[in-house]
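Working notes, beginning with the structure itself.
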Amino acid sequence: MELIARLQQQLQGLEERSQIRRRRTVDTPCAPRLTVDGRDMLAFCSNDYLGLASHPRIVDALKEGADLYGAGSGASHLISGHSRAHAQLEERLAAFVGANLEQARALYFCTGYMANLAVLTALAAGDAEAEIFSEALNHASLIDGTRLARVKTRVYPHADLTALASLLAASKAQTKIVVTDSIFSMDGDLAPLPALLALCEQHGAWLVVDDAHGFGALGENGRGALEHFGLQSPHLVYVGTLGKSAGVGGAFVCAHEAVIETLIQKARPYIFTTAAAPALAHALLASLDIIAGDEGKQRRVHLATLVAQWNEGLQLQRWQALPSLSAIQPVIIGENAEMMGIAAQLYQQGLWVGAIRPPTVPAGSARLRVTLSAGHTAQEVAQLINAVNTLERTRHEP
């Protein structure tokens, strides 16, 4: 059949360019030590930055949530799916990050992808002349959100404040929305949020911050990038992910109550989907207790120690380790085939590291995406450092 043949040809092209994606099946709970396709592995590829995904207190809370609320919500939040657990979680999240916002209120979403689509489409809704100013390295969910908003979008170069300032100054739009990741998921660096916020306040723009990789891991109390930089403003719209450092699933938006009410009334990804299982929200209450408490602080300190160990121990000449103080530690290899070969060799040694290729990253910048977790030990990180250093010295380009 011609239609099938066309798809098969496209898939073959991906294979030839070393861009085909394949799944592996994990047989054990999320943790540094896993059983993958029946084989014991040491993983450096999850986003479980605080090592909470299998925490006994959170697992017990999930079980308790299922006993209290059942397995599913049964409907969207605006029909009958908004449970007491969802309401309690939103109240806790607003209190947790609200110190960095004005008249803060929070809204829980099934995924971070949905939250980003919701924010950008709802803020731009009703103003055909609105403009969005999007960071060049933004996550796919933010890019898709700008597309679905169906308004003029300007992409500014990575961390280029001068370029953004010029774009904002030239804009005649009443509704201006600047959107950025806080920590860039493939590079690991932080956006210059204080300067971005100053520009937004100067030009009357919203600043939407996707803190997927910062919430829980950044800030003295784990409140994320806003706490890390000490930012506070009614111009801020904060998106936090709950399936990474928080160890469970879903996401939330926290902002001025007028923003949240706008999302409830206008955001199609919120209105027209079944609410997440209440048991997940109940489990997240336990996760927030850990993040905000002494154990959370200890885990963040340990994670920072592992990041320093990685940066000090990696000794590369041909490959490039990008500068990053976050849990995301990329190693640029270059071409797809070589990078896939290196990832395969690490896997053979029992080390599972993310292998990232175009179109996720620019052509010629295929990389290992090493992610560290508070669940790792110093000995485990040393094992990966030694393996990467050795491979770079001994492996020749294809």
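Starting from 1 in every chain, residues are counted up; chains themselves are A, B, ... following the order of the structure tokens, and ligands are numbered from 1 as listed.
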Can you check which parts of region 115-135 of chain A lie within 9 Å of region 161-179 of chain A? Per residue, the shortest pair of atoms and distance in Å to one decimal, counting only C-alpha atoms, sorted by chain and number, as a Markdown table.
```
| residue | atom | partner | partner_atom | distance |
| --- | --- | --- | --- | --- |
| A:Leu120 | CA | A:Ile177 | CA | 8.1 |
| A:Leu123 | CA | A:Ile177 | CA | 7.9 |
| A:Ala124 | CA | A:Thr175 | CA | 7.1 |
| A:Asp127 | CA | A:Thr175 | CA | 7.2 |
| A:Glu129 | CA | A:Ala173 | CA | 5.9 |
| A:Ala130 | CA | A:Thr175 | CA | 4.7 |
| A:Glu131 | CA | A:Lys176 | CA | 5.1 |
| A:Ile132 | CA | A:Ile177 | CA | 4.7 |
| A:Phe133 | CA | A:Val178 | CA | 4.6 |
| A:Ser134 | CA | A:Val179 | CA | 5.1 |
| A:Glu135 | CA | A:Val179 | CA | 6.5 |
```
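Around Ala191 (chain A), within 8 Å and counting only C-alpha atoms, the residues found are Ala159, Thr180, Asp181, Ser182, Ile183 and Phe184 of chain A, once anything fewer than 4 positions away on its own chain is removed.
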Neighbours of Arg17 (chain A) within 10 Å (only C-alpha atoms; same-chain residues fewer than 5 positions away dropped), as an MDAnalysis selection string? chainID A and resid 12 335:337 357:358
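Among the candidates A:Gly230, A:Gly81, A:Gly74, A:Pro56, the one nearest to Leu101 (chain A) when counting only C-alpha atoms is A:Gly230.
Each of A:Leu42, A:Leu263, A:Cys254, A:Leu14 was checked against Thr377 (chain A) using only C-alpha atoms; the smallest atom-to-atom distance is that of A:Leu42.
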Nearest to Ile332 (chain A): which of A:Ile264, A:Val36, A:Ala277, A:Leu368 is it, counting only C-alpha atoms? A:Leu368
Hey, can you check how far CA of Leu288 (chain A) sits from CA of Asp48 (chain A)? 14.4 Å
Which residues are near Ala87 (chain A)? Cut-off 9 Å, only C-alpha atoms, ignore same chain within fewer than 5 positions. Put them as a list in words. His82, Arg92, Leu107, Tyr108 and Ala281 of chain A
Using C-alpha atoms, can you write the selected residues to a file as a PDB file, in the first residue's frame?
```pdb
ATOM      1  CA  HIS A  82     -12.288  18.044  40.920  1.00  0.00           C
ATOM      2  CA  ARG A  92      -0.595  23.851  49.284  1.00  0.00           C
ATOM      3  CA  LEU A 107      -4.069  25.226  39.203  1.00  0.00           C
ATOM      4  CA  TYR A 108      -3.164  21.539  38.843  1.00  0.00           C
ATOM      5  CA  ALA A 281      -2.685  14.668  44.130  1.00  0.00           C
TER       6      ALA A 281
END
```
For Asp211 (chain A), find every residue with an atom within 7 Å (counting only C-alpha atoms), except residues of its own chain fewer than 2 positions away, and show them as an MDAnalysis selection string. chainID A and resid 181:183 209 213:215 224:225 239:241
Where does DSSP see alpha helix (DSSP H) in region 139-346 of chain A, if you list the residues as a PyMOL selection string? chain A and resi 140-149+161-170+193-203+225-229+257-266+268-271+278-292+294-313+336-346
Counting only C-alpha atoms, which residue out of A:Gly70, A:Gly204, A:Gly222, A:Pro192 sits closest to Asp160 (chain A)?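 Going through A:Gly70, A:Gly204, A:Gly222, A:Pro192 one by one, the smallest distance to Asp160 (chain A) is for A:Pro192.
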Nearest residue to Pro330 (chain A) out of A:Ser185, A:Gln19, A:Ser373, A:Gln88, using only C-alpha atoms? A:Ser185
Please extract the residues of region 67-228 of chain A with a backbone DSSP assignment of strand (DSSP E or B) and present them as number ranges by chain. A: 76, 104-109, 131-135, 152-156, 176-181, 183, 190, 205-210
